[in-house]
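Structure file protein.cif (mmCIF, C-alpha atoms and all ligand atoms) is printed below.
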```cif
data_work
#
loop_
_atom_site.group_PDB
_atom_site.id
_atom_site.type_symbol
_atom_site.label_atom_id
_atom_site.label_comp_id
_atom_site.auth_asym_id
_atom_site.auth_seq_id
_atom_site.Cartn_x
_atom_site.Cartn_y
_atom_site.Cartn_z
ATOM 1 C CA MET A 2 9.971 0.580 -6.837
ATOM 2 C CA GLU A 3 7.464 3.412 -7.103
ATOM 3 C CA GLU A 4 3.806 2.654 -6.524
ATOM 4 C CA THR A 5 1.266 4.892 -8.203
ATOM 5 C CA VAL A 6 -1.814 5.431 -6.107
ATOM 6 C CA SER A 7 -5.072 7.318 -6.424
ATOM 7 C CA LEU A 8 -6.311 9.500 -3.564
ATOM 8 C CA ASP A 9 -9.245 11.885 -3.514
ATOM 9 C CA CYS A 10 -8.624 15.601 -3.187
ATOM 10 C CA PRO A 11 -10.327 16.881 -0.009
ATOM 11 C CA TYR A 12 -11.409 20.055 -1.833
ATOM 12 C CA CYS A 13 -12.725 19.009 -5.235
ATOM 13 C CA ALA A 14 -13.095 15.250 -4.547
ATOM 14 C CA GLN A 15 -11.288 14.420 -7.782
ATOM 15 C CA ALA A 16 -9.028 11.390 -7.736
ATOM 16 C CA ILE A 17 -5.384 12.402 -7.864
ATOM 17 C CA TYR A 18 -3.336 9.689 -9.548
ATOM 18 C CA LYS A 19 0.300 10.101 -8.571
ATOM 19 C CA PRO A 20 3.265 8.122 -7.201
ATOM 20 C CA LEU A 21 2.997 7.480 -3.481
ATOM 21 C CA SER A 22 6.006 9.693 -2.761
ATOM 22 C CA TRP A 23 4.220 12.634 -4.409
ATOM 23 C CA PHE A 24 1.688 12.636 -1.582
ATOM 24 C CA LYS A 25 4.496 12.836 0.963
ATOM 25 C CA GLN A 26 5.701 16.229 -0.184
ATOM 26 C CA THR A 27 5.459 18.889 2.488
ATOM 27 C CA TYR A 28 3.312 20.987 0.206
ATOM 28 C CA PHE A 29 1.775 20.399 -3.199
ATOM 29 C CA THR A 30 -1.197 21.501 -5.241
ATOM 30 C CA CYS A 31 -4.113 19.511 -6.558
ATOM 31 C CA PRO A 32 -3.794 19.041 -10.342
ATOM 32 C CA GLU A 33 -7.545 19.509 -10.695
ATOM 33 C CA CYS A 34 -8.455 22.507 -8.546
ATOM 34 C CA GLN A 35 -4.943 23.910 -7.895
ATOM 35 C CA LYS A 36 -5.646 24.278 -4.188
ATOM 36 C CA GLY A 37 -2.795 23.798 -1.779
ATOM 37 C CA LEU A 38 -2.452 20.438 -0.081
ATOM 38 C CA ALA A 39 -0.114 19.287 2.666
ATOM 39 C CA ALA A 40 1.316 15.847 3.364
ATOM 40 C CA GLY A 41 -0.456 15.849 6.737
ATOM 41 C CA GLN A 42 -3.841 15.793 5.005
ATOM 42 C CA PHE A 43 -2.968 12.452 3.433
ATOM 43 C CA ALA A 44 -0.741 11.000 6.157
ATOM 44 C CA THR A 45 -3.299 8.483 7.410
ATOM 45 C CA LEU A 46 -4.235 7.332 3.920
ATOM 46 C CA VAL A 47 -0.604 7.109 2.863
ATOM 47 C CA ASP A 48 0.244 5.072 5.962
ATOM 48 C CA ASP A 49 -2.580 2.654 5.226
ATOM 49 C CA LEU A 50 -1.496 2.292 1.616
ATOM 50 C CA GLU A 51 2.112 1.697 2.572
ATOM 51 C CA GLN A 52 1.108 -1.016 5.015
ATOM 52 C CA ALA A 53 -1.038 -2.669 2.353
ATOM 53 C CA LEU A 54 1.816 -2.492 -0.153
ATOM 54 C CA ASP A 55 4.292 -3.879 2.374
ATOM 55 C CA ALA A 56 1.979 -6.814 2.963
ATOM 56 C CA GLU A 57 1.824 -7.486 -0.778
ATOM 57 C CA VAL A 58 5.601 -7.370 -1.098
ATOM 58 C CA GLU A 59 5.905 -9.756 1.810
ATOM 59 C CA VAL A 60 3.605 -12.232 0.095
ATOM 60 C CA MET A 61 5.645 -11.960 -3.115
ATOM 61 C CA LEU A 62 8.905 -12.606 -1.283
ATOM 62 C CA LYS A 63 7.552 -15.591 0.575
ATOM 63 C CA GLY A 64 5.655 -17.013 -2.355
ATOM 64 C CA GLU A 65 2.107 -18.134 -1.963
ATOM 65 C CA PRO A 66 0.678 -17.701 1.504
ATOM 66 C CA ARG A 67 0.564 -20.890 3.503
ATOM 67 C CA SER A 68 -2.831 -22.423 3.766
ATOM 68 C CA GLY A 69 -4.409 -25.209 5.747
ATOM 69 C CA CYS A 70 -2.319 -26.870 8.424
ATOM 70 C CA CYS A 71 0.936 -25.119 7.471
ATOM 71 C CA LYS A 72 -0.551 -21.696 8.151
ATOM 72 C CA ASP A 73 0.733 -22.216 11.651
ATOM 73 C CA LYS A 74 4.520 -22.375 11.411
ATOM 74 C CA MET A 75 4.694 -24.398 14.638
ATOM 75 C CA SER A 76 2.979 -27.319 12.932
ATOM 76 C CA SER A 77 4.941 -27.303 9.667
ATOM 77 C CA SER A 78 5.562 -31.044 9.679
ATOM 78 C CA CYS A 79 2.213 -31.962 8.130
ATOM 79 C CA CYS A 80 2.344 -30.705 4.512
ATOM 80 C CA ASN A 81 5.656 -28.851 4.371
ATOM 81 C CA ARG A 82 7.126 -31.021 1.603
ATOM 82 C CA SER A 83 4.082 -31.235 -0.657
ATOM 83 C CA SER A 84 5.149 -28.302 -2.897
ATOM 84 C CA GLU A 85 8.691 -29.597 -3.432
HETATM 85 ZN ZN ZN B 1 -8.646 19.329 -5.919
#
```

Show me this structure written as structure tokens.
Amino acid sequence: MEETVSLDCPYCAQAIYKPLSWFKQTYFTCPECQKGLAAGQFATLVDDLEQALDAEVEVMLKGEPRSGCCKDKMSSSCCNRSSE
């Protein structure tokens, strides 16, 4: 699964719309201004995006997030069966 993300170039401030892995290359050039960029310049942003994406995947795997009393797994007896 390849997520396409948009990050701003630190030189020309144009949004670069590329797959997440593209921003992890050791060295690449901005498609807009052709200046050299390094993965380190985007590391923090990429980390944040990956964490956000991981959280989304987790929600998809688990189905809808628990709400109300079942949000706390320790008290799952209250409305656990309502969706079945
Ligand atoms: Zn640029």

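You will find CA of Val47 in chain A at 7.5 Å from CA of Phe24 in chain A.
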
- prompt: Can you tell me, as a list in words, what residues are no more than 9 Å from Tyr28 in chain A when counting all atoms listed in the file, ignoring any on the same chain fewer than 2 positions away?
  reply: Phe24, Lys25, Gln26, Thr30, Gly37, Leu38, Ala39 and Ala40 of chain A

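As for CA of Asp55 in chain A and CA of Pro20 in chain A, they are spaced 15.4 Å apart.
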
Would you name the residues within 10 Å of ligand ZN 1 (chain B), counting all atoms listed in the file, and put them as a tab-separated table (two decimals) with C-alpha atoms, keeping the file's coordinate frame?
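Below you can see pocket.tsv, which holds the result:
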```tsv
chain	number	residue	atom	x	y	z
A	9	ASP	CA	-9.24	11.88	-3.51
A	10	CYS	CA	-8.62	15.60	-3.19
A	11	PRO	CA	-10.33	16.88	-0.01
A	12	TYR	CA	-11.41	20.06	-1.83
A	13	CYS	CA	-12.72	19.01	-5.24
A	14	ALA	CA	-13.10	15.25	-4.55
A	15	GLN	CA	-11.29	14.42	-7.78
A	16	ALA	CA	-9.03	11.39	-7.74
A	17	ILE	CA	-5.38	12.40	-7.86
A	30	THR	CA	-1.20	21.50	-5.24
A	31	CYS	CA	-4.11	19.51	-6.56
A	32	PRO	CA	-3.79	19.04	-10.34
A	33	GLU	CA	-7.54	19.51	-10.70
A	34	CYS	CA	-8.46	22.51	-8.55
A	35	GLN	CA	-4.94	23.91	-7.90
A	36	LYS	CA	-5.65	24.28	-4.19
A	37	GLY	CA	-2.80	23.80	-1.78
A	38	LEU	CA	-2.45	20.44	-0.08
```

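The list of residues with at least one atom within 9 Å of Glu4 in chain A, based on all atoms listed in the file and without residues fewer than 4 positions apart in the same chain, reads Lys19, Pro20, Leu21, Ser22 and Leu54 of chain A.
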
For the selection just defined, write its residues with C-alpha atoms to a file, as a compact mmCIF listing (two decimals), in the frame of the given file.
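See selection_14.txt below for the written result:
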```txt
# COMPACT_ATOMS: atom_id res chain seq x y z
CA LYS A 19 0.30 10.10 -8.57
CA PRO A 20 3.26 8.12 -7.20
CA LEU A 21 3.00 7.48 -3.48
CA SER A 22 6.01 9.69 -2.76
CA LEU A 54 1.82 -2.49 -0.15
```

Starting from the incomplete input, reconstruct N, CA and C atoms of range 36-71 of chain A and report them as a PDB file, keeping the file's coordinate frame.
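Output saved as part32.pdb:
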```pdb
ATOM      1  N   LYS A  36      -5.707  23.836  -5.579  1.00  0.00           N
ATOM      2  CA  LYS A  36      -5.646  24.278  -4.188  1.00  0.00           C
ATOM      3  C   LYS A  36      -4.461  23.616  -3.492  1.00  0.00           C
ATOM      4  N   GLY A  37      -3.963  24.307  -2.484  1.00  0.00           N
ATOM      5  CA  GLY A  37      -2.795  23.798  -1.779  1.00  0.00           C
ATOM      6  C   GLY A  37      -3.132  22.626  -0.881  1.00  0.00           C
ATOM      7  N   LEU A  38      -2.277  21.612  -0.930  1.00  0.00           N
ATOM      8  CA  LEU A  38      -2.452  20.438  -0.081  1.00  0.00           C
ATOM      9  C   LEU A  38      -1.161  20.214   0.700  1.00  0.00           C
ATOM     10  N   ALA A  39      -1.288  19.595   1.861  1.00  0.00           N
ATOM     11  CA  ALA A  39      -0.114  19.287   2.666  1.00  0.00           C
ATOM     12  C   ALA A  39      -0.067  17.796   2.949  1.00  0.00           C
ATOM     13  N   ALA A  40       1.146  17.287   3.135  1.00  0.00           N
ATOM     14  CA  ALA A  40       1.316  15.847   3.364  1.00  0.00           C
ATOM     15  C   ALA A  40       0.462  15.367   4.541  1.00  0.00           C
ATOM     16  N   GLY A  41       0.310  16.224   5.562  1.00  0.00           N
ATOM     17  CA  GLY A  41      -0.456  15.849   6.737  1.00  0.00           C
ATOM     18  C   GLY A  41      -1.896  15.476   6.425  1.00  0.00           C
ATOM     19  N   GLN A  42      -2.452  16.082   5.367  1.00  0.00           N
ATOM     20  CA  GLN A  42      -3.841  15.793   5.005  1.00  0.00           C
ATOM     21  C   GLN A  42      -4.003  14.381   4.466  1.00  0.00           C
ATOM     22  N   PHE A  43      -2.903  13.794   4.003  1.00  0.00           N
ATOM     23  CA  PHE A  43      -2.968  12.452   3.433  1.00  0.00           C
ATOM     24  C   PHE A  43      -2.210  11.426   4.263  1.00  0.00           C
ATOM     25  N   ALA A  44      -1.636  11.869   5.388  1.00  0.00           N
ATOM     26  CA  ALA A  44      -0.741  11.000   6.157  1.00  0.00           C
ATOM     27  C   ALA A  44      -1.394   9.668   6.512  1.00  0.00           C
ATOM     28  N   THR A  45      -2.631   9.719   6.998  1.00  0.00           N
ATOM     29  CA  THR A  45      -3.299   8.483   7.410  1.00  0.00           C
ATOM     30  C   THR A  45      -3.517   7.560   6.224  1.00  0.00           C
ATOM     31  N   LEU A  46      -3.992   8.134   5.117  1.00  0.00           N
ATOM     32  CA  LEU A  46      -4.235   7.332   3.920  1.00  0.00           C
ATOM     33  C   LEU A  46      -2.936   6.745   3.386  1.00  0.00           C
ATOM     34  N   VAL A  47      -1.890   7.575   3.371  1.00  0.00           N
ATOM     35  CA  VAL A  47      -0.604   7.109   2.863  1.00  0.00           C
ATOM     36  C   VAL A  47      -0.058   5.979   3.732  1.00  0.00           C
ATOM     37  N   ASP A  48      -0.205   6.133   5.050  1.00  0.00           N
ATOM     38  CA  ASP A  48       0.244   5.072   5.962  1.00  0.00           C
ATOM     39  C   ASP A  48      -0.484   3.763   5.670  1.00  0.00           C
ATOM     40  N   ASP A  49      -1.794   3.857   5.510  1.00  0.00           N
ATOM     41  CA  ASP A  49      -2.580   2.654   5.226  1.00  0.00           C
ATOM     42  C   ASP A  49      -2.130   2.001   3.928  1.00  0.00           C
ATOM     43  N   LEU A  50      -1.916   2.826   2.910  1.00  0.00           N
ATOM     44  CA  LEU A  50      -1.496   2.292   1.616  1.00  0.00           C
ATOM     45  C   LEU A  50      -0.135   1.622   1.720  1.00  0.00           C
ATOM     46  N   GLU A  51       0.773   2.268   2.446  1.00  0.00           N
ATOM     47  CA  GLU A  51       2.112   1.697   2.572  1.00  0.00           C
ATOM     48  C   GLU A  51       2.065   0.350   3.287  1.00  0.00           C
ATOM     49  N   GLN A  52       1.224   0.255   4.298  1.00  0.00           N
ATOM     50  CA  GLN A  52       1.108  -1.016   5.015  1.00  0.00           C
ATOM     51  C   GLN A  52       0.541  -2.087   4.102  1.00  0.00           C
ATOM     52  N   ALA A  53      -0.447  -1.709   3.292  1.00  0.00           N
ATOM     53  CA  ALA A  53      -1.038  -2.669   2.353  1.00  0.00           C
ATOM     54  C   ALA A  53      -0.004  -3.114   1.332  1.00  0.00           C
ATOM     55  N   LEU A  54       0.795  -2.161   0.839  1.00  0.00           N
ATOM     56  CA  LEU A  54       1.816  -2.492  -0.153  1.00  0.00           C
ATOM     57  C   LEU A  54       2.900  -3.372   0.456  1.00  0.00           C
ATOM     58  N   ASP A  55       3.294  -3.058   1.686  1.00  0.00           N
ATOM     59  CA  ASP A  55       4.292  -3.879   2.374  1.00  0.00           C
ATOM     60  C   ASP A  55       3.810  -5.314   2.493  1.00  0.00           C
ATOM     61  N   ALA A  56       2.537  -5.474   2.813  1.00  0.00           N
ATOM     62  CA  ALA A  56       1.979  -6.814   2.963  1.00  0.00           C
ATOM     63  C   ALA A  56       2.040  -7.559   1.635  1.00  0.00           C
ATOM     64  N   GLU A  57       1.766  -6.852   0.537  1.00  0.00           N
ATOM     65  CA  GLU A  57       1.824  -7.486  -0.778  1.00  0.00           C
ATOM     66  C   GLU A  57       3.239  -7.918  -1.106  1.00  0.00           C
ATOM     67  N   VAL A  58       4.206  -7.042  -0.831  1.00  0.00           N
ATOM     68  CA  VAL A  58       5.601  -7.370  -1.098  1.00  0.00           C
ATOM     69  C   VAL A  58       6.023  -8.590  -0.293  1.00  0.00           C
ATOM     70  N   GLU A  59       5.568  -8.636   0.942  1.00  0.00           N
ATOM     71  CA  GLU A  59       5.905  -9.756   1.810  1.00  0.00           C
ATOM     72  C   GLU A  59       5.390 -11.067   1.224  1.00  0.00           C
ATOM     73  N   VAL A  60       4.183 -11.033   0.702  1.00  0.00           N
ATOM     74  CA  VAL A  60       3.605 -12.232   0.095  1.00  0.00           C
ATOM     75  C   VAL A  60       4.427 -12.644  -1.118  1.00  0.00           C
ATOM     76  N   MET A  61       4.851 -11.650  -1.930  1.00  0.00           N
ATOM     77  CA  MET A  61       5.645 -11.960  -3.115  1.00  0.00           C
ATOM     78  C   MET A  61       6.980 -12.602  -2.737  1.00  0.00           C
ATOM     79  N   LEU A  62       7.607 -12.084  -1.696  1.00  0.00           N
ATOM     80  CA  LEU A  62       8.905 -12.606  -1.283  1.00  0.00           C
ATOM     81  C   LEU A  62       8.794 -14.020  -0.734  1.00  0.00           C
ATOM     82  N   LYS A  63       7.715 -14.287  -0.051  1.00  0.00           N
ATOM     83  CA  LYS A  63       7.552 -15.591   0.575  1.00  0.00           C
ATOM     84  C   LYS A  63       6.862 -16.593  -0.335  1.00  0.00           C
ATOM     85  N   GLY A  64       6.416 -16.135  -1.498  1.00  0.00           N
ATOM     86  CA  GLY A  64       5.655 -17.013  -2.355  1.00  0.00           C
ATOM     87  C   GLY A  64       4.213 -17.053  -1.901  1.00  0.00           C
ATOM     88  N   GLU A  65       3.519 -18.045  -2.311  1.00  0.00           N
ATOM     89  CA  GLU A  65       2.107 -18.134  -1.963  1.00  0.00           C
ATOM     90  C   GLU A  65       1.939 -18.263  -0.453  1.00  0.00           C
ATOM     91  N   PRO A  66       0.934 -17.580   0.063  1.00  0.00           N
ATOM     92  CA  PRO A  66       0.678 -17.701   1.504  1.00  0.00           C
ATOM     93  C   PRO A  66       0.362 -19.148   1.878  1.00  0.00           C
ATOM     94  N   ARG A  67       0.849 -19.538   3.015  1.00  0.00           N
ATOM     95  CA  ARG A  67       0.564 -20.890   3.503  1.00  0.00           C
ATOM     96  C   ARG A  67      -0.929 -21.042   3.763  1.00  0.00           C
ATOM     97  N   SER A  68      -1.425 -22.187   3.484  1.00  0.00           N
ATOM     98  CA  SER A  68      -2.831 -22.423   3.766  1.00  0.00           C
ATOM     99  C   SER A  68      -2.973 -23.727   4.525  1.00  0.00           C
ATOM    100  N   GLY A  69      -4.142 -23.968   5.032  1.00  0.00           N
ATOM    101  CA  GLY A  69      -4.409 -25.209   5.747  1.00  0.00           C
ATOM    102  C   GLY A  69      -3.525 -25.355   6.966  1.00  0.00           C
ATOM    103  N   CYS A  70      -3.025 -26.569   7.190  1.00  0.00           N
ATOM    104  CA  CYS A  70      -2.319 -26.870   8.424  1.00  0.00           C
ATOM    105  C   CYS A  70      -1.007 -26.113   8.547  1.00  0.00           C
ATOM    106  N   CYS A  71      -0.365 -25.776   7.414  1.00  0.00           N
ATOM    107  CA  CYS A  71       0.936 -25.119   7.471  1.00  0.00           C
ATOM    108  C   CYS A  71       0.825 -23.628   7.739  1.00  0.00           C
TER     109      CYS A  71
END
```
